[in-house]
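**Student:** My structure file coords.txt, compact mmCIF, C-alpha atoms, is below:
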# COMPACT_ATOMS: atom_id res chain seq x y z
CA MET A 23 20.03 2.00 -20.63
CA ARG A 24 18.88 5.59 -20.87
CA THR A 25 18.91 7.57 -17.61
CA VAL A 26 16.72 10.60 -16.97
CA LEU A 27 17.55 12.69 -13.89
CA VAL A 28 14.73 14.99 -12.76
CA THR A 29 15.30 17.98 -10.51
CA GLY A 30 13.91 21.46 -10.06
CA LEU A 31 13.12 24.26 -7.71
CA GLY A 32 11.81 23.27 -4.30
CA GLY A 33 8.04 22.89 -4.24
CA ALA A 34 7.72 22.97 -8.03
CA GLY A 35 6.52 19.38 -8.29
CA ARG A 36 9.69 17.61 -9.46
CA SER A 37 8.61 14.25 -7.95
CA THR A 38 5.32 14.49 -9.83
CA VAL A 39 7.14 15.26 -13.09
CA ALA A 40 9.57 12.37 -12.49
CA ALA A 41 6.66 9.97 -12.02
CA ALA A 42 4.87 11.36 -15.08
CA THR A 43 8.08 11.02 -17.14
CA ALA A 44 8.42 7.38 -16.09
CA LEU A 45 4.78 6.71 -16.92
CA ALA A 46 5.15 8.28 -20.37
CA SER A 47 8.30 6.26 -20.99
CA ALA A 48 6.51 3.02 -20.13
CA ALA A 49 3.49 3.97 -22.25
CA GLY A 50 5.88 4.37 -25.17
CA GLY A 51 7.00 0.76 -24.86
CA SER A 52 10.18 1.27 -22.83
CA ARG A 53 10.68 -0.94 -19.76
CA THR A 54 11.08 1.73 -17.12
CA LEU A 55 12.19 1.94 -13.49
CA LEU A 56 11.40 4.99 -11.37
CA VAL A 57 13.64 5.58 -8.35
CA SER A 58 12.65 8.19 -5.77
CA ALA A 59 13.22 9.11 -2.16
CA GLU A 60 9.80 10.74 -1.88
CA ALA A 61 6.42 9.05 -1.66
CA VAL A 62 4.50 9.06 -4.95
CA PRO A 63 0.69 8.90 -4.52
CA GLY A 64 -0.65 5.69 -5.99
CA PHE A 65 2.82 4.11 -6.25
CA PRO A 66 4.12 1.33 -3.94
CA ALA A 67 6.81 2.36 -1.43
CA ALA A 68 8.90 -0.84 -1.45
CA PRO A 69 12.73 -0.48 -1.56
CA GLU A 70 12.98 -3.02 -4.39
CA PRO A 71 11.38 -2.56 -7.83
CA THR A 72 7.63 -3.13 -7.61
CA ARG A 73 5.16 -3.10 -10.50
CA VAL A 74 3.05 0.04 -10.93
CA ALA A 75 1.69 -0.35 -14.45
CA ASP A 76 2.55 -2.22 -17.63
CA GLY A 77 6.27 -1.70 -18.23
CA LEU A 78 6.71 0.51 -15.15
CA ASP A 79 8.26 -0.39 -11.78
CA HIS A 80 8.99 1.83 -8.80
CA ALA A 81 11.60 1.61 -6.02
CA ARG A 82 11.69 4.00 -3.08
CA ILE A 83 15.05 4.71 -1.45
CA ASP A 84 15.24 3.98 2.28
CA SER A 85 18.16 6.16 3.39
CA GLY A 86 17.88 5.10 7.04
CA GLU A 87 18.19 1.41 6.23
CA HIS A 88 21.11 2.12 3.88
CA PHE A 89 22.93 4.09 6.60
CA ARG A 90 22.52 1.28 9.14
CA ALA A 91 23.66 -1.36 6.66
CA GLU A 92 26.74 0.62 5.60
CA LEU A 93 27.87 1.36 9.16
CA THR A 94 27.30 -2.23 10.24
CA GLU A 95 29.41 -3.45 7.31
CA LEU A 96 32.15 -0.94 8.16
CA GLN A 97 32.28 -2.27 11.73
CA LYS A 98 32.73 -5.79 10.38
CA ARG A 99 35.58 -4.80 8.07
CA ALA A 100 37.34 -2.82 10.82
CA SER A 101 36.72 -5.46 13.50
CA GLY A 102 40.46 -6.05 14.05
CA ILE A 103 41.18 -2.41 14.81
CA LEU A 104 38.05 -2.02 16.93
CA ASP A 105 38.99 -5.07 18.98
CA LEU A 106 42.53 -3.77 19.41
CA LEU A 107 41.18 -0.47 20.69
CA GLY A 108 38.62 -2.16 22.89
CA ALA A 109 35.80 -0.26 21.16
CA GLY A 110 32.21 -1.34 21.65
CA ARG A 111 30.09 -2.20 18.61
CA LEU A 112 26.95 -0.30 17.70
CA ASP A 113 23.81 -2.31 17.04
CA GLY A 114 21.68 -1.51 14.03
CA GLU A 115 18.72 -0.62 16.24
CA GLU A 116 20.62 2.19 17.95
CA LEU A 117 21.93 3.79 14.75
CA THR A 118 20.24 7.01 13.69
CA GLU A 119 21.05 8.30 10.22
CA LEU A 120 23.21 11.40 10.01
CA PRO A 121 22.93 14.44 7.72
CA GLY A 122 24.09 13.53 4.24
CA SER A 123 22.90 9.93 4.38
CA PRO A 124 20.05 10.49 1.86
CA GLN A 125 22.60 11.68 -0.71
CA LEU A 126 24.85 8.68 -0.11
CA ALA A 127 21.86 6.34 -0.34
CA LEU A 128 20.95 7.85 -3.71
CA LEU A 129 24.53 7.40 -4.98
CA HIS A 130 24.36 3.77 -3.81
CA THR A 131 21.14 3.32 -5.79
CA LEU A 132 22.72 4.81 -8.91
CA ARG A 133 25.66 2.45 -8.48
CA ARG A 134 23.31 -0.54 -8.35
CA ALA A 135 21.72 0.62 -11.58
CA ALA A 136 25.10 1.30 -13.22
CA GLU A 137 26.48 -2.11 -12.30
CA GLY A 138 23.43 -3.96 -13.55
CA ASP A 139 21.84 -5.01 -10.25
CA TRP A 140 18.50 -3.95 -11.73
CA SER A 141 18.82 -5.36 -15.22
CA GLY A 142 16.05 -5.67 -17.77
CA TYR A 143 15.13 -1.97 -17.95
CA ASP A 144 15.47 0.31 -20.96
CA THR A 145 14.99 3.57 -19.05
CA LEU A 146 15.88 4.65 -15.53
CA VAL A 147 14.12 7.77 -14.17
CA VAL A 148 15.61 9.22 -10.99
CA ASP A 149 13.83 11.75 -8.80
CA LEU A 150 16.68 13.93 -7.52
CA PRO A 151 16.63 16.40 -4.59
CA PRO A 152 15.94 20.11 -5.24
CA LEU A 153 18.16 21.87 -7.74
CA ALA A 154 21.07 23.14 -5.61
CA GLU A 155 21.35 19.84 -3.72
CA ALA A 156 21.07 17.86 -6.94
CA LEU A 157 23.97 19.68 -8.62
CA ALA A 158 26.15 19.14 -5.54
CA LEU A 159 25.15 15.47 -5.49
CA LEU A 160 25.97 14.91 -9.18
CA ALA A 161 29.42 16.46 -8.63
CA LEU A 162 30.09 14.33 -5.54
CA PRO A 163 31.47 11.14 -7.19
CA GLU A 164 34.18 13.08 -9.04
CA GLN A 165 35.07 15.03 -5.90
CA LEU A 166 35.24 11.97 -3.64
CA ARG A 167 37.42 10.09 -6.13
CA ARG A 168 39.81 13.04 -6.18
CA TYR A 169 39.98 13.02 -2.36
CA LEU A 170 40.75 9.29 -2.34
CA ARG A 171 43.53 9.72 -4.90
CA ARG A 172 45.11 12.50 -2.84
CA LEU A 173 44.80 10.82 0.57
CA LEU A 174 45.60 7.25 -0.49
CA PRO A 175 47.46 7.27 -3.83
CA ALA A 176 47.25 3.88 -5.47
CA GLU A 177 50.96 3.89 -6.34
CA ARG A 178 51.85 3.76 -2.65
CA GLN A 179 50.33 0.31 -2.47
CA ALA A 180 53.25 -0.98 -4.52
CA ALA A 181 55.55 -0.17 -1.60
CA ARG A 182 53.59 -2.22 0.93
CA ALA A 183 56.62 -4.48 1.49
CA LEU A 184 58.56 -1.38 2.61
CA ARG A 185 55.78 -0.14 4.85
CA PRO A 186 57.34 -1.36 8.13
CA VAL A 187 60.66 0.30 7.21
CA LEU A 188 58.94 3.52 6.16
CA ALA A 189 56.98 3.51 9.40
CA GLN A 190 60.22 3.34 11.40
CA LEU A 191 61.83 6.12 9.35
CA ALA A 192 58.80 8.37 9.54
CA GLY A 193 58.03 7.55 13.14
CA VAL A 194 54.31 7.10 12.37
CA PRO A 195 52.31 4.00 11.40
CA MET A 196 51.68 3.58 7.67
CA PRO A 197 48.15 2.88 6.37
CA ALA A 198 47.21 -0.79 6.54
CA GLN A 199 46.50 -2.85 3.45
CA TRP A 200 42.80 -3.09 4.26
CA LEU A 201 42.56 0.69 4.01
CA TYR A 202 43.96 0.69 0.48
CA GLU A 203 41.62 -2.14 -0.46
CA ALA A 204 38.64 -0.24 0.92
CA ALA A 205 39.72 2.89 -0.97
CA ALA A 206 40.07 0.92 -4.22
CA ARG A 207 36.64 -0.62 -3.71
CA LYS A 208 35.01 2.76 -3.06
CA ASP A 209 36.83 4.29 -6.02
CA ALA A 210 35.42 1.58 -8.30
CA GLU A 211 31.91 2.17 -6.97
CA LEU A 212 32.18 5.94 -7.42
CA ALA A 213 33.65 5.47 -10.90
CA ALA A 214 30.56 3.47 -11.91
CA VAL A 215 28.26 6.25 -10.68
CA GLN A 216 30.37 8.94 -12.35
CA ALA A 217 30.28 7.01 -15.63
CA LEU A 218 26.49 6.79 -15.41
CA ILE A 219 26.15 10.53 -14.75
CA GLU A 220 28.55 11.47 -17.55
CA ASP A 221 27.18 8.98 -20.07
CA GLY A 222 25.83 10.45 -23.30
CA ALA A 223 22.57 8.55 -22.70
CA THR A 224 22.00 10.41 -19.44
CA THR A 225 20.06 13.66 -19.44
CA LEU A 226 18.31 15.99 -17.01
CA ARG A 227 14.88 17.50 -16.80
CA LEU A 228 14.38 20.77 -14.97
CA VAL A 229 11.10 21.59 -13.25
CA ALA A 230 9.99 25.07 -12.20
CA GLU A 231 6.73 26.89 -11.62
CA PRO A 232 6.50 30.02 -13.79
CA GLY A 233 7.15 33.09 -11.69
CA PRO A 234 9.71 35.86 -11.13
CA ALA A 235 11.59 33.90 -8.46
CA ALA A 236 12.34 31.02 -10.82
CA GLU A 237 14.26 32.94 -13.50
CA ASP A 238 17.49 33.65 -11.62
CA ALA A 239 17.55 30.11 -10.20
CA LEU A 240 17.11 28.56 -13.65
CA ARG A 241 19.77 30.77 -15.21
CA ALA A 242 22.24 29.79 -12.46
CA ALA A 243 21.25 26.15 -12.81
CA ARG A 244 22.07 26.09 -16.51
CA THR A 245 25.51 27.52 -15.77
CA GLY A 246 26.07 24.96 -13.01
CA LEU A 247 25.05 22.11 -15.30
CA ALA A 248 27.39 23.32 -18.03
CA LEU A 249 30.28 23.61 -15.57
CA HIS A 250 29.96 19.88 -14.87
CA GLY A 251 29.26 18.96 -18.50
CA LEU A 252 25.63 17.99 -17.87
CA GLY A 253 22.87 18.68 -20.37
CA ALA A 254 19.12 19.15 -20.02
CA ASP A 255 16.63 17.92 -22.61
CA LEU A 256 13.49 19.60 -21.27
CA LEU A 257 12.29 22.38 -19.00
CA VAL A 258 8.90 21.58 -17.49
CA ALA A 259 6.77 24.53 -16.46
CA SER A 260 4.56 23.08 -13.74
CA ARG A 261 1.08 24.11 -12.60
CA VAL A 262 0.37 26.34 -15.60
CA LEU A 263 -3.02 28.03 -15.30
CA PRO A 264 -5.53 28.34 -18.16
CA ARG A 265 -4.93 31.39 -20.31
CA HIS A 266 -8.45 32.83 -20.20
CA SER A 267 -10.68 33.39 -17.20
CA SER A 268 -13.52 35.75 -16.29
CA ASP A 269 -12.14 36.05 -12.75
CA PRO A 270 -9.85 39.14 -12.65
CA TRP A 271 -7.66 37.72 -9.84
CA PHE A 272 -7.25 34.38 -11.60
CA ALA A 273 -6.64 36.08 -14.96
CA ALA A 274 -3.89 38.26 -13.45
CA LEU A 275 -2.02 35.18 -12.18
CA ALA A 276 -2.34 33.49 -15.57
CA ALA A 277 -1.04 36.63 -17.32
CA GLN A 278 1.98 36.74 -14.99
CA GLN A 279 2.74 33.11 -15.83
CA GLU A 280 2.40 33.76 -19.55
CA LYS A 281 4.80 36.70 -19.36
CA CYS A 282 7.30 34.58 -17.45
CA LEU A 283 7.05 31.72 -19.96
CA ASP A 284 7.71 34.12 -22.84
CA HIS A 285 10.84 35.28 -21.02
CA TRP A 286 11.97 31.69 -20.54
CA HIS A 287 11.65 31.02 -24.27
CA GLN A 288 13.49 34.18 -25.29
CA ASP A 289 16.17 34.62 -22.62
CA VAL A 290 16.47 32.03 -19.85
CA ALA A 291 16.43 28.87 -21.98
CA PRO A 292 16.13 29.82 -25.67
CA ASP A 293 17.66 26.53 -26.86
CA LEU A 294 15.76 24.26 -24.45
CA PRO A 295 12.25 22.89 -25.16
CA VAL A 296 9.68 24.03 -22.61
CA HIS A 297 6.70 21.84 -21.78
CA GLU A 298 3.74 23.46 -20.06
CA ALA A 299 2.13 21.05 -17.58
CA ALA A 300 -1.39 22.19 -16.81
CA HIS A 301 -2.57 22.86 -13.27
CA LEU A 302 -5.10 20.11 -12.48
CA GLY A 303 -6.73 22.08 -9.69
CA ARG A 304 -5.47 19.46 -7.21
CA ASP A 305 -2.38 17.41 -6.44
CA PRO A 306 -2.03 14.42 -8.81
CA GLN A 307 -3.25 11.28 -7.09
CA GLY A 308 -2.32 8.42 -9.41
CA PRO A 309 -1.39 7.29 -12.93
CA ASP A 310 -4.49 8.85 -14.53
CA ASP A 311 -3.68 12.30 -13.12
CA LEU A 312 -0.03 11.93 -14.12
CA ALA A 313 -1.01 11.04 -17.67
CA ALA A 314 -3.18 14.19 -17.80
CA LEU A 315 0.01 16.30 -17.42
CA GLU A 316 1.09 15.02 -20.87
CA ILE A 317 4.78 14.98 -19.98
CA PRO A 318 6.67 13.75 -23.08
CA ALA A 319 8.66 10.55 -22.93
CA PRO A 320 12.47 10.82 -23.18
CA ASP A 321 13.68 11.10 -26.75
CA ASP A 322 16.55 8.71 -27.50
CA ARG A 323 17.78 11.05 -30.22
CA THR A 324 18.38 13.88 -27.74
CA PRO A 325 22.02 14.00 -26.61
CA GLY A 326 22.29 14.26 -22.85
CA ARG A 327 25.92 15.29 -22.53
CA ALA A 328 26.66 18.99 -22.72
CA GLY A 329 29.82 20.43 -24.20
CA ASP A 330 33.01 19.04 -22.66
CA PRO A 331 36.14 21.18 -22.38
CA TRP A 332 38.36 21.21 -25.45
CA TRP A 333 41.64 22.83 -26.37
CA THR A 334 43.09 24.02 -29.65
CA GLU A 335 46.54 24.91 -30.92
CA GLU A 336 46.93 28.44 -32.19
CA ASP A 337 49.21 29.54 -35.01
CA PRO A 338 52.56 30.94 -33.81
CA ASP A 339 52.76 34.69 -33.47
CA ALA A 340 54.17 36.24 -36.62
CA GLU A 341 56.60 38.44 -34.70
CA ASP A 342 58.15 36.17 -32.07
CA GLY A 343 56.92 32.75 -33.19
CA THR A 344 55.25 32.04 -29.83
CA LEU A 345 53.03 28.97 -29.85
CA THR A 346 49.84 29.17 -27.75
CA PHE A 347 46.99 26.85 -26.83
CA THR A 348 43.44 27.78 -25.88
CA TRP A 349 41.39 25.69 -23.44
CA CYS A 350 37.64 26.24 -23.80
CA LEU A 351 34.65 25.44 -21.60
CA PRO A 352 31.02 26.39 -22.47
CA LEU A 353 29.41 28.32 -19.59
CA PRO A 354 26.07 29.69 -20.82
CA GLY A 355 24.66 32.35 -18.55
CA ALA A 356 27.91 32.94 -16.65
CA VAL A 357 28.98 36.50 -15.86
CA LYS A 358 32.52 37.71 -15.36
CA GLU A 359 31.88 39.00 -11.83
CA ASP A 360 30.91 35.50 -10.60
CA LEU A 361 33.85 33.72 -12.21
CA ARG A 362 37.08 32.71 -10.46
CA LEU A 363 39.89 30.72 -12.06
CA VAL A 364 42.96 29.39 -10.27
CA ARG A 365 45.63 27.04 -11.54
CA ARG A 366 47.20 24.72 -8.98
CA GLY A 367 49.71 22.27 -10.35
CA ASP A 368 48.04 20.06 -12.95
CA GLU A 369 44.54 21.28 -12.11
CA LEU A 370 42.25 24.22 -12.81
CA LEU A 371 40.01 25.32 -9.93
CA LEU A 372 36.83 26.80 -11.39
CA THR A 373 34.20 28.74 -9.47
CA VAL A 374 31.07 30.14 -11.11
CA GLY A 375 28.76 31.71 -8.55
CA PRO A 376 27.90 28.98 -6.02
CA PHE A 377 29.27 26.17 -8.20
CA HIS A 378 32.76 24.69 -8.03
CA ARG A 379 34.72 22.17 -10.08
CA ILE A 380 38.33 21.04 -10.24
CA VAL A 381 39.43 19.98 -13.73
CA ARG A 382 42.61 18.07 -14.50
CA ILE A 383 44.56 19.72 -17.32
CA ALA A 384 45.46 17.80 -20.45
CA SER A 385 49.03 16.49 -20.48
CA ALA A 386 50.25 18.90 -23.18
CA LEU A 387 48.90 21.90 -21.24
CA ARG A 388 50.64 20.87 -18.01
CA ARG A 389 53.93 21.96 -19.56
CA CYS A 390 52.52 25.43 -20.17
CA THR A 391 51.84 28.53 -18.14
CA VAL A 392 48.51 30.36 -18.09
CA SER A 393 48.95 33.57 -20.06
CA GLY A 394 45.38 34.86 -20.08
CA ALA A 395 41.67 34.07 -19.75
CA ALA A 396 38.44 35.57 -21.06
CA LEU A 397 34.70 34.91 -20.92
CA ALA A 398 32.90 35.76 -24.15
CA ASP A 399 29.76 34.50 -25.91
CA GLY A 400 29.09 32.02 -23.09
CA VAL A 401 32.50 30.30 -23.42
CA LEU A 402 35.42 30.49 -20.99
CA ARG A 403 38.73 30.56 -22.87
CA VAL A 404 42.04 30.08 -21.05
CA ARG A 405 45.26 30.72 -22.96
CA PHE A 406 48.33 28.57 -22.30
CA THR A 407 51.89 29.34 -23.41
CA PRO A 408 54.58 26.62 -23.44
CA ASP A 409 57.03 26.85 -20.57
CA PRO A 410 60.57 26.86 -22.08
CA ALA A 411 61.87 24.93 -19.08
CA LEU A 412 59.39 22.09 -19.66
CA TRP A 413 58.59 22.19 -23.38
CA PRO A 414 60.86 20.05 -25.61
CA ARG A 415 63.02 22.13 -27.89
CA THR A 416 62.85 21.73 -31.66
CA SER A 417 65.50 22.41 -34.22
Please express what this file holds, its structure, as structure tokens.

**Tutor:**
Amino acid sequence: MRTVLVTGLGGAGRSTVAAATALASAAGGSRTLLVSAEAVPGFPAAPEPTRVADGLDHARIDSGEHFRAELTELQKRASGILDLLGAGRLDGEELTELPGSPQLALLHTLRRAAEGDWSGYDTLVVDLPPLAEALALLALPEQLRRYLRRLLPAERQAARALRPVLAQLAGVPMPAQWLYEAAARKDAELAAVQALIEDGATTLRLVAEPGPAAEDALRAARTGLALHGLGADLLVASRVLPRHSSDPWFAALAAQQEKCLDHWHQDVAPDLPVHEAAHLGRDPQGPDDLAALEIPAPDDRTPGRAGDPWWTEEDPDAEDGTLTFTWCLPLPGAVKEDLRLVRRGDELLLTVGPFHRIVRIASALRRCTVSGAALADGVLRVRFTPDPALWPRTS
């Protein structure tokens, strides 16, 4: 199944573009499911897939219902501890969703799609939150899995028979088996979502309205996507005005948009196709208006995955015979002043502007020390030199 994730600048019409993308996909003969948290005019708002048009279904995420269901299930699983503590149970009617629940509900929906709960579709189109929130959301499965591995390492489960003894020696209670089982279950769910996001058949579409304010945000977005190995297949310029008008005020706005679009083509996204979606003079109100935007259907030939990190072995230095390795990560649009790089154990902590990622180092590089780093031609290169204390000696 091909997955298309749609995000963009706030107020740029990303939900409209997501719906138009899904409609174009279905018109091209692909059985398509659109998932969104926002209401789409003319589309049903049911939480389960509901038919919109031939080959197109729509499901709207109910984050409040998901929050209540998850917390109710957690109370059931932890009933023994709650009873021991004498804690009162919360009824579903009194639960009010907390900040962050919409993001968790969206991850849950992606997991359902990844695990085949909604089978029979060729294309999944997901209406993501605005750009900054979307990038944080797409990075969340990897981050949460790392937290679980650090807090509840799976290898400690093997010592469950020794847990009572360890508890006496340490003087504190050891985690119960149910906690490890819950962690393993959540890790499997997050792994399914992470695999869907990182799949080569998954791509993103960026939506922005042409204007000066959009350029810096789009440039930063491309860097953030590259940091997490995500690729975009299309940049949609929304609400583009007609080029020619006898009204001086209207013509000035159209000229500003045209200048901005030229800059996008030449500088902001020179290697990314840009589709200009015409301003309809009103908000789209149904499938006919969405079709008038002429958003292209996803192209199966377009790779969705951006460049992953790679490392190469360099020839030994002619003078001292030192062997070096270079670890590379494409970061288009990044600038040196916004870049921070820290090595901690077997991990690299990368910060580019507002974006963060922790990358586990390849096994061969873990026995090396970092001897230098440079950002050139849109690629971060980190040099590693074998540590004599850890690198096996050769004759």

**Student:** With all atoms listed in the file as the counted atoms, please give the residues lying no more than 6 Å from stretch 306-317 of chain A, apart from itself and same-chain residues fewer than 3 positions off, as a list in words.

**Tutor:**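 Once the nearby chain positions are removed, what remains is Ala42, Thr43, Pro63, Gly64 and Ala299 of chain A.
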
**Student:** Which residues are close to A:Leu371, i.e. within 9 Å by all atoms listed in the file, leaving aside same-chain residues fewer than 6 positions away? Reply as a ChimeraX atom specification.

**Tutor:** /A:362-365,378-382

**Student:** Excluding stretch 154-158 of chain A and its own-chain neighbours fewer than 4 positions away, which residues fall within 10 Å of it when counting only C-alpha atoms? Please give them as a list of chain:residue names.

**Tutor:** A:Leu27, A:Val28, A:Thr29, A:Gly30, A:Leu31, A:Gly32, A:Gln125, A:Asp149, A:Leu150, A:Leu162, A:Pro163, A:Gln165, A:Ala239, A:Ala242, A:Ala243, A:Gly246, A:Leu247, A:His250, A:Leu252, A:Pro376, A:Phe377, A:His378

**Student:** Selected residues, C-alpha atoms, written as an mmCIF file, in the coordinates of the input, please.

**Tutor:**
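Result went into out-v3.cif, see below:
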data_model
loop_
_atom_site.group_PDB
_atom_site.id
_atom_site.type_symbol
_atom_site.label_atom_id
_atom_site.label_comp_id
_atom_site.auth_asym_id
_atom_site.auth_seq_id
_atom_site.Cartn_x
_atom_site.Cartn_y
_atom_site.Cartn_z
ATOM 1 C CA LEU A 27 17.550 12.690 -13.890
ATOM 2 C CA VAL A 28 14.730 14.990 -12.760
ATOM 3 C CA THR A 29 15.300 17.980 -10.510
ATOM 4 C CA GLY A 30 13.910 21.460 -10.060
ATOM 5 C CA LEU A 31 13.120 24.260 -7.710
ATOM 6 C CA GLY A 32 11.810 23.270 -4.300
ATOM 7 C CA GLN A 125 22.600 11.680 -0.710
ATOM 8 C CA ASP A 149 13.830 11.750 -8.800
ATOM 9 C CA LEU A 150 16.680 13.930 -7.520
ATOM 10 C CA LEU A 162 30.090 14.330 -5.540
ATOM 11 C CA PRO A 163 31.470 11.140 -7.190
ATOM 12 C CA GLN A 165 35.070 15.030 -5.900
ATOM 13 C CA ALA A 239 17.550 30.110 -10.200
ATOM 14 C CA ALA A 242 22.240 29.790 -12.460
ATOM 15 C CA ALA A 243 21.250 26.150 -12.810
ATOM 16 C CA GLY A 246 26.070 24.960 -13.010
ATOM 17 C CA LEU A 247 25.050 22.110 -15.300
ATOM 18 C CA HIS A 250 29.960 19.880 -14.870
ATOM 19 C CA LEU A 252 25.630 17.990 -17.870
ATOM 20 C CA PRO A 376 27.900 28.980 -6.020
ATOM 21 C CA PHE A 377 29.270 26.170 -8.200
ATOM 22 C CA HIS A 378 32.760 24.690 -8.030
#

**Student:** Restricting the calculation to only C-alpha atoms, which member of A:Thr38, A:His285, A:Ala204, A:Pro66 is positioned closest to A:Glu95?

**Tutor:**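 Answer, going by the shortest atom-to-atom distance: A:Ala204.
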
**Student:** From the list A:Val374, A:Leu55, A:Leu129, A:Ala67, which residue is nearest A:Lys208 when using all atoms listed in the file?

**Tutor:**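 Looking at the shortest contact to A:Lys208, the residue is A:Leu129.
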
**Student:** Near stretch 214-228 of chain A, within 7 Å and counting all atoms listed in the file, which residues show up once chain neighbours fewer than 4 positions away are dropped, as a PyMOL selection string?

**Tutor:** chain A and resi 24-30+129+132-133+136-137+163-164+210+253-258+325-327

**Student:** Mind dumping the selected residues with C-alpha atoms as a short mmCIF file (atom, residue, chain, number, x, y, z; two decimals), in the coordinates of the input?

**Tutor:**
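Saved to out10.cif:
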data_model
loop_
_atom_site.label_atom_id
_atom_site.label_comp_id
_atom_site.auth_asym_id
_atom_site.auth_seq_id
_atom_site.Cartn_x
_atom_site.Cartn_y
_atom_site.Cartn_z
CA ARG A 24 18.88 5.59 -20.87
CA THR A 25 18.91 7.57 -17.61
CA VAL A 26 16.72 10.60 -16.97
CA LEU A 27 17.55 12.69 -13.89
CA VAL A 28 14.73 14.99 -12.76
CA THR A 29 15.30 17.98 -10.51
CA GLY A 30 13.91 21.46 -10.06
CA LEU A 129 24.53 7.40 -4.98
CA LEU A 132 22.72 4.81 -8.91
CA ARG A 133 25.66 2.45 -8.48
CA ALA A 136 25.10 1.30 -13.22
CA GLU A 137 26.48 -2.11 -12.30
CA PRO A 163 31.47 11.14 -7.19
CA GLU A 164 34.18 13.08 -9.04
CA ALA A 210 35.42 1.58 -8.30
CA GLY A 253 22.87 18.68 -20.37
CA ALA A 254 19.12 19.15 -20.02
CA ASP A 255 16.63 17.92 -22.61
CA LEU A 256 13.49 19.60 -21.27
CA LEU A 257 12.29 22.38 -19.00
CA VAL A 258 8.90 21.58 -17.49
CA PRO A 325 22.02 14.00 -26.61
CA GLY A 326 22.29 14.26 -22.85
CA ARG A 327 25.92 15.29 -22.53
#

**Student:** Have a look at atom CA of A:Asp293 and atom CA of A:Leu402 and let me know their distance in Å, one decimal.

**Tutor:**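 Going from atom CA of A:Asp293 over to atom CA of A:Leu402, I get 19.1 Å.
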
**Student:** Would you kindly return, as a list in words, each protein, DNA or RNA residue with an atom no farther than 10 Å from any atom of A:Ala356, considering all atoms listed in the file and excluding same-chain residues fewer than 5 positions away?

**Tutor:**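 Counting all atoms listed in the file, the residues come to Arg241, Ala242, Arg244, Thr245, Gly246, Ala248, Leu249, Leu361, Val374, Gly375, Leu397, Ala398, Asp399, Gly400, Val401 and Leu402 of chain A.
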
**Student:** With C-alpha atoms retained, export the selected residues as a PDB file, in the frame of the given file.

**Tutor:**
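File again-v4.pdb, as written:
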ATOM      1  CA  ARG A 241      19.770  30.770 -15.210  1.00  0.00           C
ATOM      2  CA  ALA A 242      22.240  29.790 -12.460  1.00  0.00           C
ATOM      3  CA  ARG A 244      22.070  26.090 -16.510  1.00  0.00           C
ATOM      4  CA  THR A 245      25.510  27.520 -15.770  1.00  0.00           C
ATOM      5  CA  GLY A 246      26.070  24.960 -13.010  1.00  0.00           C
ATOM      6  CA  ALA A 248      27.390  23.320 -18.030  1.00  0.00           C
ATOM      7  CA  LEU A 249      30.280  23.610 -15.570  1.00  0.00           C
ATOM      8  CA  LEU A 361      33.850  33.720 -12.210  1.00  0.00           C
ATOM      9  CA  VAL A 374      31.070  30.140 -11.110  1.00  0.00           C
ATOM     10  CA  GLY A 375      28.760  31.710  -8.550  1.00  0.00           C
ATOM     11  CA  LEU A 397      34.700  34.910 -20.920  1.00  0.00           C
ATOM     12  CA  ALA A 398      32.900  35.760 -24.150  1.00  0.00           C
ATOM     13  CA  ASP A 399      29.760  34.500 -25.910  1.00  0.00           C
ATOM     14  CA  GLY A 400      29.090  32.020 -23.090  1.00  0.00           C
ATOM     15  CA  VAL A 401      32.500  30.300 -23.420  1.00  0.00           C
ATOM     16  CA  LEU A 402      35.420  30.490 -20.990  1.00  0.00           C
TER      17      LEU A 402
END

**Student:** Between A:Ile383, A:Met23, A:Cys350, A:Leu240, which is the closest to A:Leu294 once you count only C-alpha atoms?

**Tutor:**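 Closest to A:Leu294 of all the choices is A:Leu240.
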
**Student:** Atom CA of A:Arg388 and atom CA of A:Gly355 are how many Å apart?

**Tutor:** 28.4 Å

**Student:** Taking all atoms of stretch 38-43 of chain A that the file lists, what box with edges along x, y and z, padded by 3 Å per side, do you get, with centre and edge lengths in Å to one decimal, as AutoDock Vina command-line options?

**Tutor:**
--center_x 7.2 --center_y 12.6 --center_z -13.5 --size_x 10.7 --size_y 11.3 --size_z 13.3

**Student:** Figure out the distance between atom CA of A:Ala319 and atom CA of A:Gly33, please, to one decimal in Å.

**Tutor:**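 The value is 22.4 Å.
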
**Student:** Counting all atoms listed in the file, figure out which residue out of A:Glu70, A:Gly251, A:Pro320, A:Pro264 gets nearest to A:Ala49.

**Tutor:**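 Nearest candidate to A:Ala49 out of A:Glu70, A:Gly251, A:Pro320, A:Pro264: A:Pro320.
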
**Student:** Could you check the closest approach to A:Phe406 for each of A:Glu335, A:Glu280, A:Glu237, A:Asp321 and tell me which residue wins, using only C-alpha atoms?

**Tutor:**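 Looking only at the distances to A:Phe406, the closest residue turns out to be A:Glu335.
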